[in-house]
Amino acid sequence: MAWANGTLGADTGIKWELTPTELTRICKDALDAARAGIAGIEAQGTSPPSFAAGLGAIDGVVADLNEALAAPATLNIIALSKPVRDASDQCQSDAQAFSVAVAADPKIYAIAQAGAAQTQDQEEQQLAKIYLENGRHAGAALEPGARAKVTHLLDEVNDLQIAFQRALSEDKTTIGLSEAEAASVPASLRAAITHDAQGTRIAVNESTARPFLAYVPSTAARKRFLTAYEKRGGLENLRRLTRAVALRRQIAALVGYPNWAAYQLELKMAKTPQRAENLILDLDSRLLPKARSEIAALTALKQADGHAGPLEVWDYSYNEQQLEKTRYSVDSELVRQYLPVAKVVPATLDIYAHLLGVRFEAVKSPMAWAPGVDQYAIYDAASGAPMGWFYLDLYPREGKFQHFEAVPFRSGRVLPDGSYRLPVSGVVGNWAQPEPGKPALLSHEELVTFFHEFGHVMHETLSHTRYASLFGVNVRGDFGEAPSQMLENWMWQPAVLKKVSGRVDTGEPLPDDLIDKMIAAKHVSDGVTWTRQAFFADYDLQLHSRSGPIDPNKLWFDLMPKLRLFHEIPGTYEVASFGHLMGGYDAGYYGYLWSKVYAQDMFSVFAAAGLDNPEIGKRYREDILVPGGSIEPDVLVERFLGRPPSAAPFYEELGLSGH
Ligand SMILES: [Zn+2]
């Protein structure tokens, strides 16, 4: 492998501090250069002299562009300044339009066809395959009129998605609280409470929702909170989603598919909506009895508490938390005392370093996009070779993306001079800010999420491919979550939990009895949790495969009682904040279930050999992470397992036998 040598400083080559004017100029210059680069390659005709001079060079132009836009096209979710975020939205829109134009370009399609015939090399074959698939999907093989129509529709969908995400990032929903309600808010949320002329209010967003709904005893306050939560994004986002679904249907028809789900799934592991639907329905039917009995237990708890009536959707988290506390004696607020960020983050990094044979070094003066963002350099532990950088941007800011995700900023690849471009990625999250002067503490759930997202960062770092388009997480969409889902299992092992915990006042690790109780309670809500996932997946597939005009909110209200066992709150429109449907997971949400089958199967190898077994870790790194998207995931998984994949470990994990 052609690793670079030397030590890494803070300068990744990405300039984060840009004025809106600079950003716009860099974006335009980079797009102009890319257009000129493509035109130069196309000038040789559609039968270039070699793969390298044809498709290889095209992927180089695309990679040069993506590198130049690493900051300009991603600052929209993280920049401090609104004018910068707005300029970045425009740059992202232009960049996506360029990538649609590349995919739809019949000359590039012909060069990819020539490329497929020019090479026997496996990675080059795969690159040609991906360009041909994307070309066909963008209409490159259609007559010019239909092709132009597809391009126009894809551009409009991309812009609707950007606007949808922008509305969510900038959503400032709050609700008013009475003094008694405010006093009952858990300590971890106090920093989200404000007092002004309107009275006492609390921010309604992804970082406040879980703790508020789990701990505030007032049913009325929870109902008010959840009602506001399920209106985030606003009616305008509902309109954007409705429009996008209609446009996607038109695109699928023009390219020759019965619907958008069939169009999307052809390029996934699942291949057809029917195969995805089969997994969802099978799982759902096996889990429904468990979900019903869980809800019955929580309803009994609610009634014993003096509240008549059925368990409503805003009661669920609260009563589930009560159940964990009473039946399993797991006090989540107590668990938090053992999970201070200052302990958890370095301990998590240590686990990854040991498992995957890497070393992390904090960069002393980070070059980042906002104060408080940490930067790390990554080295191979055995050879000392530098491997890239990552950032941790873990707390909310005004206007910042409100979810928790890993962001690939720059892919690795071999440069024309033979050197290797080091990748850059990061975790962008929203842990609740601690109260001034108090340490930040995490729930166990937040710990699992962090460990999961960091798994994506490792995929984005330890991959090593010649072509950027095949690097890292550029894998089939319904496999992308599998590595991180596999790693979530680590955070349920007693020895690992002891390593990552340290009580905030004494430094003591989580005590054995508390760990035992957490593990005993692990599956207490699997029925509801996984039928909820099945509902989202099924809703998404139906939304993208039904014929005729669709009202996304009506479909949601129709399906929810059947599949999720709860009634939606009248007057709300939760789909207006369902970012996956407008962020690349459209007709793809089922991927969380699909990839978990592979995740649990891969985990069974670690479970048998020991979780801190660096030999298996090394094999996992080489077999799964290094190839990225250069080899089909079913081949990678079978190589790692040493046998064909099996769904048995997945069903066992959910306490369902058979299969
Ligand atoms: Zn993930």
# chains A, B, ... in the order shown; residues from 1 in each chain; ligands from 1

$ closest_atom_pairs --of "region 9-55 of chain A" --to "region 412-427 of chain A" --cutoff "10 Å" --atoms "only C-alpha atoms" --output "JSON lines"
{"residue": "A:Thr12", "atom": "CA", "partner": "A:Val424", "partner_atom": "CA", "distance": 7.6}
{"residue": "A:Gly13", "atom": "CA", "partner": "A:Val424", "partner_atom": "CA", "distance": 9.9}
{"residue": "A:Ile14", "atom": "CA", "partner": "A:Val424", "partner_atom": "CA", "distance": 9.1}
{"residue": "A:Ala52", "atom": "CA", "partner": "A:Pro416", "partner_atom": "CA", "distance": 9.8}

$ residues_near_ligand --ligand "ligand 1" --cutoff "10 Å" --atoms "only C-alpha atoms and all ligand atoms" --output "PyMOL selection string"
chain A and resi 404-406+449-457+480-485+592

$ write_last_selection --atoms "all heavy atoms" --output "compact mmCIF listing (two decimals), in the first residue's frame"
# COMPACT_ATOMS: atom_id res chain seq x y z
N PHE A 404 -27.60 13.46 14.43
CA PHE A 404 -26.28 12.97 14.84
C PHE A 404 -25.80 12.10 13.70
O PHE A 404 -26.45 11.10 13.38
CB PHE A 404 -26.44 12.13 16.12
CG PHE A 404 -25.27 12.23 17.05
CD1 PHE A 404 -25.34 13.03 18.18
CD2 PHE A 404 -24.09 11.55 16.79
CE1 PHE A 404 -24.27 13.14 19.05
CE2 PHE A 404 -23.02 11.66 17.66
CZ PHE A 404 -23.10 12.45 18.79
N GLU A 405 -24.72 12.45 13.04
CA GLU A 405 -24.29 11.62 11.92
C GLU A 405 -22.80 11.74 11.66
O GLU A 405 -22.16 12.70 12.08
CB GLU A 405 -25.07 11.95 10.64
CG GLU A 405 -24.69 13.27 10.01
CD GLU A 405 -25.30 13.49 8.62
OE1 GLU A 405 -26.21 12.74 8.21
OE2 GLU A 405 -24.86 14.42 7.94
N ALA A 406 -22.27 10.75 10.96
CA ALA A 406 -20.90 10.82 10.50
C ALA A 406 -20.91 11.47 9.13
O ALA A 406 -21.78 11.19 8.31
CB ALA A 406 -20.30 9.42 10.42
N THR A 449 -24.97 5.47 20.28
CA THR A 449 -24.99 6.26 19.04
C THR A 449 -23.60 6.74 18.66
O THR A 449 -23.17 6.67 17.51
CB THR A 449 -25.94 7.47 19.19
OG1 THR A 449 -27.24 6.98 19.48
CG2 THR A 449 -25.99 8.30 17.91
N PHE A 450 -22.87 7.25 19.66
CA PHE A 450 -21.52 7.75 19.37
C PHE A 450 -20.63 6.61 18.86
O PHE A 450 -19.89 6.78 17.87
CB PHE A 450 -20.91 8.39 20.62
CG PHE A 450 -19.52 8.91 20.38
CD1 PHE A 450 -19.30 9.96 19.51
CD2 PHE A 450 -18.43 8.34 21.03
CE1 PHE A 450 -18.02 10.44 19.27
CE2 PHE A 450 -17.14 8.82 20.79
CZ PHE A 450 -16.93 9.87 19.92
N PHE A 451 -20.72 5.48 19.52
CA PHE A 451 -19.90 4.34 19.09
C PHE A 451 -20.25 3.93 17.66
O PHE A 451 -19.38 3.62 16.86
CB PHE A 451 -20.10 3.17 20.07
CG PHE A 451 -18.93 2.23 20.10
CD1 PHE A 451 -17.77 2.57 20.76
CD2 PHE A 451 -18.99 1.01 19.46
CE1 PHE A 451 -16.68 1.71 20.79
CE2 PHE A 451 -17.91 0.13 19.47
CZ PHE A 451 -16.75 0.49 20.14
N HIS A 452 -21.54 3.96 17.35
CA HIS A 452 -22.03 3.66 16.00
C HIS A 452 -21.45 4.65 14.98
O HIS A 452 -20.87 4.24 13.97
CB HIS A 452 -23.56 3.72 16.02
CG HIS A 452 -24.22 3.64 14.67
ND1 HIS A 452 -24.98 2.57 14.29
CD2 HIS A 452 -24.24 4.51 13.63
CE1 HIS A 452 -25.42 2.77 13.06
NE2 HIS A 452 -25.00 3.94 12.64
N GLU A 453 -21.60 5.94 15.25
CA GLU A 453 -21.15 6.94 14.27
C GLU A 453 -19.64 6.86 14.08
O GLU A 453 -19.13 7.05 12.98
CB GLU A 453 -21.57 8.36 14.70
CG GLU A 453 -23.07 8.59 14.82
CD GLU A 453 -23.86 8.24 13.56
OE1 GLU A 453 -23.27 8.20 12.47
OE2 GLU A 453 -25.07 8.00 13.68
N PHE A 454 -18.93 6.58 15.17
CA PHE A 454 -17.49 6.48 15.03
C PHE A 454 -17.10 5.28 14.15
O PHE A 454 -16.08 5.31 13.47
CB PHE A 454 -16.79 6.42 16.39
CG PHE A 454 -15.35 6.80 16.28
CD1 PHE A 454 -14.99 8.13 16.14
CD2 PHE A 454 -14.36 5.83 16.25
CE1 PHE A 454 -13.66 8.48 15.97
CE2 PHE A 454 -13.03 6.18 16.08
CZ PHE A 454 -12.67 7.51 15.94
N GLY A 455 -17.94 4.27 14.16
CA GLY A 455 -17.72 3.14 13.25
C GLY A 455 -17.72 3.59 11.79
O GLY A 455 -16.93 3.11 10.98
N HIS A 456 -18.61 4.55 11.45
CA HIS A 456 -18.62 5.10 10.08
C HIS A 456 -17.31 5.85 9.80
O HIS A 456 -16.77 5.79 8.70
CB HIS A 456 -19.78 6.07 9.89
CG HIS A 456 -21.15 5.42 9.87
ND1 HIS A 456 -21.45 4.37 9.05
CD2 HIS A 456 -22.28 5.71 10.56
CE1 HIS A 456 -22.74 4.03 9.23
NE2 HIS A 456 -23.25 4.82 10.14
N VAL A 457 -16.84 6.59 10.81
CA VAL A 457 -15.58 7.33 10.64
C VAL A 457 -14.44 6.36 10.32
O VAL A 457 -13.60 6.62 9.46
CB VAL A 457 -15.27 8.18 11.90
CG1 VAL A 457 -13.83 8.68 11.89
CG2 VAL A 457 -16.24 9.36 11.98
N GLY A 480 -24.48 -0.02 4.02
CA GLY A 480 -23.70 1.04 4.67
C GLY A 480 -23.77 1.05 6.18
O GLY A 480 -22.80 1.42 6.85
N GLU A 481 -24.92 0.66 6.75
CA GLU A 481 -25.07 0.70 8.21
C GLU A 481 -24.50 -0.54 8.90
O GLU A 481 -24.33 -0.55 10.11
CB GLU A 481 -26.54 0.87 8.59
CG GLU A 481 -27.15 2.21 8.19
CD GLU A 481 -26.45 3.38 8.85
OE1 GLU A 481 -25.94 3.22 9.97
OE2 GLU A 481 -26.39 4.45 8.22
N ALA A 482 -24.25 -1.59 8.13
CA ALA A 482 -23.90 -2.88 8.77
C ALA A 482 -22.66 -2.79 9.66
O ALA A 482 -22.70 -3.27 10.80
CB ALA A 482 -23.74 -3.96 7.71
N PRO A 483 -21.55 -2.17 9.21
CA PRO A 483 -20.38 -2.14 10.09
C PRO A 483 -20.69 -1.44 11.42
O PRO A 483 -20.32 -1.95 12.49
CB PRO A 483 -19.35 -1.35 9.26
CG PRO A 483 -19.74 -1.60 7.84
CD PRO A 483 -21.24 -1.64 7.86
N SER A 484 -21.37 -0.31 11.35
CA SER A 484 -21.66 0.42 12.59
C SER A 484 -22.67 -0.31 13.47
O SER A 484 -22.58 -0.29 14.69
CB SER A 484 -22.16 1.82 12.27
OG SER A 484 -21.09 2.63 11.83
N GLN A 485 -23.64 -0.95 12.84
CA GLN A 485 -24.61 -1.72 13.63
C GLN A 485 -23.92 -2.89 14.32
O GLN A 485 -24.25 -3.23 15.45
CB GLN A 485 -25.73 -2.24 12.73
CG GLN A 485 -26.67 -1.14 12.27
CD GLN A 485 -27.71 -1.65 11.29
OE1 GLN A 485 -27.42 -2.50 10.46
NE2 GLN A 485 -28.91 -1.11 11.35
N TYR A 592 -31.79 -0.15 7.21
CA TYR A 592 -31.40 -0.34 8.62
C TYR A 592 -31.70 -1.76 9.08
O TYR A 592 -30.96 -2.34 9.86
CB TYR A 592 -32.13 0.65 9.52
CG TYR A 592 -31.56 2.05 9.46
CD1 TYR A 592 -32.19 3.05 8.73
CD2 TYR A 592 -30.39 2.37 10.13
CE1 TYR A 592 -31.67 4.33 8.67
CE2 TYR A 592 -29.86 3.65 10.09
CZ TYR A 592 -30.51 4.63 9.35
OH TYR A 592 -29.99 5.89 9.29

$ residues_around --residues "Pro614 (chain A)" --least-positions-apart "2" --cutoff "12 Å" --atoms "only C-alpha atoms" --output "number ranges by chain"
A: 351-358, 381, 606, 609-612, 616-622

$ residues_around --residues "Leu301 (chain A)" --least-positions-apart "6" --cutoff "12 Å" --atoms "only C-alpha atoms" --output "list in words"
Glu294, Ile295, His307, Ala308, Gly309, Pro310, Leu311, Asp315, Tyr316, Tyr318, Asn319, Glu320, Gln321, Gln322, Leu323, Glu324, Lys325, Thr326 and Arg327 of chain A

$ write_last_selection --atoms "C-alpha atoms" --output "mmCIF file, in the first residue's frame"
data_model
loop_
_atom_site.group_PDB
_atom_site.id
_atom_site.type_symbol
_atom_site.label_atom_id
_atom_site.label_comp_id
_atom_site.auth_asym_id
_atom_site.auth_seq_id
_atom_site.Cartn_x
_atom_site.Cartn_y
_atom_site.Cartn_z
ATOM 1 C CA GLU A 294 -44.960 -4.694 25.904
ATOM 2 C CA ILE A 295 -47.665 -2.110 25.348
ATOM 3 C CA HIS A 307 -54.129 7.475 34.683
ATOM 4 C CA ALA A 308 -57.051 5.847 32.919
ATOM 5 C CA GLY A 309 -57.211 5.132 29.197
ATOM 6 C CA PRO A 310 -54.922 3.546 26.632
ATOM 7 C CA LEU A 311 -51.194 4.147 26.337
ATOM 8 C CA ASP A 315 -46.861 8.168 27.215
ATOM 9 C CA TYR A 316 -44.605 5.558 25.719
ATOM 10 C CA TYR A 318 -42.129 7.894 30.086
ATOM 11 C CA ASN A 319 -43.742 4.610 31.044
ATOM 12 C CA GLU A 320 -40.976 2.602 29.407
ATOM 13 C CA GLN A 321 -38.465 4.494 31.531
ATOM 14 C CA GLN A 322 -40.622 3.830 34.612
ATOM 15 C CA LEU A 323 -40.707 0.135 33.750
ATOM 16 C CA GLU A 324 -36.931 -0.031 33.442
ATOM 17 C CA LYS A 325 -36.645 1.726 36.760
ATOM 18 C CA THR A 326 -39.180 -0.346 38.690
ATOM 19 C CA ARG A 327 -38.898 -3.792 37.150
#

$ residues_around --residues "Leu153 (chain A)" --least-positions-apart "6" --cutoff "12 Å" --atoms "only C-alpha atoms" --output "PDB file with N, CA and C atoms, in the first residue's frame"
ATOM      1  N   ALA A  97     -26.233  19.283  -9.247  1.00  0.00           N
ATOM      2  CA  ALA A  97     -26.652  19.405 -10.646  1.00  0.00           C
ATOM      3  C   ALA A  97     -25.520  18.931 -11.564  1.00  0.00           C
ATOM      4  N   VAL A 100     -25.475  15.159 -11.500  1.00  0.00           N
ATOM      5  CA  VAL A 100     -26.556  14.628 -12.341  1.00  0.00           C
ATOM      6  C   VAL A 100     -26.158  14.724 -13.820  1.00  0.00           C
ATOM      7  N   ALA A 101     -25.545  15.861 -14.199  1.00  0.00           N
ATOM      8  CA  ALA A 101     -25.148  16.059 -15.602  1.00  0.00           C
ATOM      9  C   ALA A 101     -24.087  15.040 -16.023  1.00  0.00           C
ATOM     10  N   ALA A 138     -29.759   7.857 -14.669  1.00  0.00           N
ATOM     11  CA  ALA A 138     -29.904   9.294 -14.938  1.00  0.00           C
ATOM     12  C   ALA A 138     -30.405   9.543 -16.357  1.00  0.00           C
ATOM     13  N   GLY A 139     -30.670   8.470 -17.107  1.00  0.00           N
ATOM     14  CA  GLY A 139     -31.233   8.647 -18.450  1.00  0.00           C
ATOM     15  C   GLY A 139     -30.197   8.773 -19.549  1.00  0.00           C
ATOM     16  N   ALA A 146     -36.113  12.946 -23.563  1.00  0.00           N
ATOM     17  CA  ALA A 146     -36.436  12.275 -22.302  1.00  0.00           C
ATOM     18  C   ALA A 146     -35.295  12.459 -21.302  1.00  0.00           C
ATOM     19  N   ARG A 147     -34.065  12.432 -21.845  1.00  0.00           N
ATOM     20  CA  ARG A 147     -32.903  12.588 -20.956  1.00  0.00           C
ATOM     21  C   ARG A 147     -32.918  13.968 -20.293  1.00  0.00           C
ATOM     22  N   ASP A 159     -32.927  19.987  -5.150  1.00  0.00           N
ATOM     23  CA  ASP A 159     -33.158  21.291  -4.521  1.00  0.00           C
ATOM     24  C   ASP A 159     -34.243  21.212  -3.443  1.00  0.00           C
ATOM     25  N   LEU A 160     -35.261  20.407  -3.683  1.00  0.00           N
ATOM     26  CA  LEU A 160     -36.297  20.229  -2.652  1.00  0.00           C
ATOM     27  C   LEU A 160     -35.680  19.598  -1.402  1.00  0.00           C
ATOM     28  N   ARG A 243     -44.197  16.858  -3.242  1.00  0.00           N
ATOM     29  CA  ARG A 243     -43.715  17.171  -4.592  1.00  0.00           C
ATOM     30  C   ARG A 243     -42.581  16.207  -5.000  1.00  0.00           C
ATOM     31  N   ALA A 244     -41.643  15.974  -4.090  1.00  0.00           N
ATOM     32  CA  ALA A 244     -40.502  15.098  -4.399  1.00  0.00           C
ATOM     33  C   ALA A 244     -40.979  13.685  -4.732  1.00  0.00           C
ATOM     34  N   VAL A 245     -41.956  13.195  -3.977  1.00  0.00           N
ATOM     35  CA  VAL A 245     -42.464  11.840  -4.231  1.00  0.00           C
ATOM     36  C   VAL A 245     -43.075  11.761  -5.633  1.00  0.00           C
ATOM     37  N   ALA A 246     -43.815  12.818  -6.002  1.00  0.00           N
ATOM     38  CA  ALA A 246     -44.436  12.835  -7.336  1.00  0.00           C
ATOM     39  C   ALA A 246     -43.367  12.905  -8.437  1.00  0.00           C
ATOM     40  N   LEU A 247     -42.332  13.732  -8.216  1.00  0.00           N
ATOM     41  CA  LEU A 247     -41.263  13.854  -9.220  1.00  0.00           C
ATOM     42  C   LEU A 247     -40.488  12.548  -9.354  1.00  0.00           C
ATOM     43  N   ARG A 248     -40.224  11.892  -8.211  1.00  0.00           N
ATOM     44  CA  ARG A 248     -39.491  10.621  -8.263  1.00  0.00           C
ATOM     45  C   ARG A 248     -40.273   9.594  -9.083  1.00  0.00           C
ATOM     46  N   ARG A 249     -41.583   9.612  -8.938  1.00  0.00           N
ATOM     47  CA  ARG A 249     -42.391   8.656  -9.702  1.00  0.00           C
ATOM     48  C   ARG A 249     -42.243   8.922 -11.203  1.00  0.00           C
ATOM     49  N   GLN A 250     -42.249  10.218 -11.568  1.00  0.00           N
ATOM     50  CA  GLN A 250     -42.082  10.558 -13.000  1.00  0.00           C
ATOM     51  C   GLN A 250     -40.722  10.113 -13.525  1.00  0.00           C
ATOM     52  N   ILE A 251     -39.674  10.316 -12.709  1.00  0.00           N
ATOM     53  CA  ILE A 251     -38.323   9.924 -13.134  1.00  0.00           C
ATOM     54  C   ILE A 251     -38.283   8.415 -13.376  1.00  0.00           C
ATOM     55  N   ALA A 252     -38.802   7.648 -12.412  1.00  0.00           N
ATOM     56  CA  ALA A 252     -38.778   6.186 -12.539  1.00  0.00           C
ATOM     57  C   ALA A 252     -39.472   5.758 -13.833  1.00  0.00           C
ATOM     58  N   ALA A 253     -40.622   6.384 -14.122  1.00  0.00           N
ATOM     59  CA  ALA A 253     -41.380   6.005 -15.321  1.00  0.00           C
ATOM     60  C   ALA A 253     -40.589   6.329 -16.586  1.00  0.00           C
ATOM     61  N   LEU A 254     -39.955   7.501 -16.611  1.00  0.00           N
ATOM     62  CA  LEU A 254     -39.184   7.891 -17.803  1.00  0.00           C
ATOM     63  C   LEU A 254     -38.024   6.935 -18.061  1.00  0.00           C
ATOM     64  N   VAL A 255     -37.394   6.455 -16.974  1.00  0.00           N
ATOM     65  CA  VAL A 255     -36.231   5.585 -17.147  1.00  0.00           C
ATOM     66  C   VAL A 255     -36.669   4.123 -17.341  1.00  0.00           C
TER      67      VAL A 255
END

$ atom_distance --atom1 "CA of Leu238 (chain A)" --atom2 "CA of Asn553 (chain A)"
7.7 Å

$ closest_residue --among "A:Tyr651, A:Tyr338, A:Trp556, A:Tyr376" --to "Glu508 (chain A)" --atoms "only C-alpha atoms"
A:Tyr338

$ closest_residue --among "A:Tyr590, A:Tyr215, A:Phe98, A:Phe225" --to "Asp538 (chain A)" --atoms "only C-alpha atoms"
A:Tyr590

$ residues_around --residues "Ala110 (chain A)" --least-positions-apart "5" --cutoff "12 Å" --atoms "only C-alpha atoms" --output "list in words"
Glu42, Gly45, Thr46, Ser47, Pro48, Gly54, Leu55, Val102, Ala103, Ala104, Asp105, Gly115, Ala116, Ala117, Ala128, Tyr131, Leu132, Gly135, Arg136, Ala140 and Ala141 of chain A

$ write_last_selection --atoms "N, CA, C and O atoms" --output "mmCIF file, in the first residue's frame"
data_model
loop_
_atom_site.group_PDB
_atom_site.id
_atom_site.type_symbol
_atom_site.label_atom_id
_atom_site.label_comp_id
_atom_site.auth_asym_id
_atom_site.auth_seq_id
_atom_site.Cartn_x
_atom_site.Cartn_y
_atom_site.Cartn_z
ATOM 1 N N GLU A 42 -13.418 14.087 -23.100
ATOM 2 C CA GLU A 42 -14.380 13.714 -24.148
ATOM 3 C C GLU A 42 -13.877 14.067 -25.544
ATOM 4 O O GLU A 42 -14.309 13.465 -26.539
ATOM 5 N N GLY A 45 -12.831 11.497 -27.978
ATOM 6 C CA GLY A 45 -13.843 10.588 -28.515
ATOM 7 C C GLY A 45 -14.259 9.576 -27.459
ATOM 8 O O GLY A 45 -13.772 9.614 -26.320
ATOM 9 N N THR A 46 -15.172 8.702 -27.832
ATOM 10 C CA THR A 46 -15.730 7.785 -26.833
ATOM 11 C C THR A 46 -14.981 6.456 -26.768
ATOM 12 O O THR A 46 -15.415 5.541 -26.093
ATOM 13 N N SER A 47 -13.879 6.339 -27.513
ATOM 14 C CA SER A 47 -13.022 5.159 -27.354
ATOM 15 C C SER A 47 -11.625 5.610 -26.967
ATOM 16 O O SER A 47 -10.715 5.631 -27.791
ATOM 17 N N PRO A 48 -11.443 6.025 -25.706
ATOM 18 C CA PRO A 48 -10.140 6.526 -25.274
ATOM 19 C C PRO A 48 -9.074 5.425 -25.369
ATOM 20 O O PRO A 48 -9.417 4.242 -25.366
ATOM 21 N N GLY A 54 -9.438 7.316 -19.995
ATOM 22 C CA GLY A 54 -10.878 7.483 -20.167
ATOM 23 C C GLY A 54 -11.592 7.587 -18.828
ATOM 24 O O GLY A 54 -11.544 8.620 -18.160
ATOM 25 N N LEU A 55 -12.220 6.486 -18.421
ATOM 26 C CA LEU A 55 -13.038 6.544 -17.205
ATOM 27 C C LEU A 55 -12.212 6.866 -15.962
ATOM 28 O O LEU A 55 -12.684 7.590 -15.074
ATOM 29 N N VAL A 102 -23.146 14.747 -15.115
ATOM 30 C CA VAL A 102 -22.113 13.743 -15.419
ATOM 31 C C VAL A 102 -22.765 12.379 -15.633
ATOM 32 O O VAL A 102 -22.481 11.673 -16.609
ATOM 33 N N ALA A 103 -23.675 12.027 -14.716
ATOM 34 C CA ALA A 103 -24.319 10.707 -14.830
ATOM 35 C C ALA A 103 -25.128 10.615 -16.123
ATOM 36 O O ALA A 103 -25.164 9.567 -16.774
ATOM 37 N N ALA A 104 -25.773 11.724 -16.515
ATOM 38 C CA ALA A 104 -26.657 11.691 -17.691
ATOM 39 C C ALA A 104 -25.906 11.862 -19.005
ATOM 40 O O ALA A 104 -26.491 11.721 -20.076
ATOM 41 N N ASP A 105 -24.622 12.164 -18.940
ATOM 42 C CA ASP A 105 -23.838 12.478 -20.141
ATOM 43 C C ASP A 105 -23.639 11.223 -21.009
ATOM 44 O O ASP A 105 -22.958 10.282 -20.597
ATOM 45 N N GLY A 115 -14.658 1.510 -21.234
ATOM 46 C CA GLY A 115 -13.809 1.170 -20.086
ATOM 47 C C GLY A 115 -14.033 -0.250 -19.605
ATOM 48 O O GLY A 115 -13.084 -0.979 -19.293
ATOM 49 N N ALA A 116 -15.300 -0.652 -19.551
ATOM 50 C CA ALA A 116 -15.620 -2.005 -19.072
ATOM 51 C C ALA A 116 -14.949 -3.057 -19.956
ATOM 52 O O ALA A 116 -14.540 -4.116 -19.473
ATOM 53 N N ALA A 117 -14.815 -2.735 -21.251
ATOM 54 C CA ALA A 117 -14.197 -3.688 -22.174
ATOM 55 C C ALA A 117 -12.673 -3.573 -22.177
ATOM 56 O O ALA A 117 -11.980 -4.463 -22.665
ATOM 57 N N ALA A 128 -16.431 0.911 -13.622
ATOM 58 C CA ALA A 128 -17.213 0.990 -14.863
ATOM 59 C C ALA A 128 -18.661 0.583 -14.597
ATOM 60 O O ALA A 128 -19.608 1.231 -15.073
ATOM 61 N N TYR A 131 -20.523 3.469 -12.909
ATOM 62 C CA TYR A 131 -20.828 4.552 -13.855
ATOM 63 C C TYR A 131 -21.946 4.143 -14.812
ATOM 64 O O TYR A 131 -22.801 4.960 -15.163
ATOM 65 N N LEU A 132 -21.944 2.884 -15.227
ATOM 66 C CA LEU A 132 -23.001 2.444 -16.150
ATOM 67 C C LEU A 132 -24.355 2.402 -15.450
ATOM 68 O O LEU A 132 -25.374 2.829 -16.000
ATOM 69 N N GLY A 135 -25.437 5.949 -14.906
ATOM 70 C CA GLY A 135 -25.770 6.534 -16.202
ATOM 71 C C GLY A 135 -27.159 6.112 -16.645
ATOM 72 O O GLY A 135 -27.988 6.941 -17.033
ATOM 73 N N ARG A 136 -27.419 4.819 -16.564
ATOM 74 C CA ARG A 136 -28.735 4.325 -16.961
ATOM 75 C C ARG A 136 -29.825 4.983 -16.116
ATOM 76 O O ARG A 136 -30.868 5.414 -16.627
ATOM 77 N N ALA A 140 -28.932 8.425 -19.271
ATOM 78 C CA ALA A 140 -27.874 8.579 -20.286
ATOM 79 C C ALA A 140 -28.167 7.763 -21.544
ATOM 80 O O ALA A 140 -27.719 8.119 -22.633
ATOM 81 N N ALA A 141 -28.939 6.681 -21.405
ATOM 82 C CA ALA A 141 -29.215 5.826 -22.563
ATOM 83 C C ALA A 141 -30.515 6.205 -23.272
ATOM 84 O O ALA A 141 -30.911 5.562 -24.238
#

$ select_by_dssp --residues "region 295-460 of chain A" --states "strand (DSSP E)" --output "JSON, numbers by chain"
{"A": [358, 359, 360, 361, 362, 374, 375, 376, 377, 378, 379, 380, 386, 387, 388, 389, 390, 391, 392, 393, 405, 406, 407, 408, 409, 410, 413, 414, 420, 421, 424, 425, 426, 427, 428]}

$ residues_around --residues "Lys343 (chain A)" --least-positions-apart "4" --cutoff "7 Å" --atoms "only C-alpha atoms" --output "PyMOL selection string"
chain A and resi 339+347+500-502

$ select_by_dssp --residues "region 384-579 of chain A" --states "alpha helix (DSSP H)" --output "PyMOL selection string"
chain A and resi 444-462+482-488+494-500+512-520+526-543+552-564

$ atom_distance --atom1 "CA of Gln375 (chain A)" --atom2 "CA of Ser463 (chain A)"
19.4 Å

$ closest_residue --among "A:Gly477, A:Gly145, A:Pro217, A:Pro511" --to "Ser317 (chain A)" --atoms "only C-alpha atoms"
A:Pro217

$ closest_residue --among "A:Lys268, A:Lys290, A:Arg564, A:Lys28" --to "Asp634 (chain A)" --atoms "only C-alpha atoms"
A:Lys268
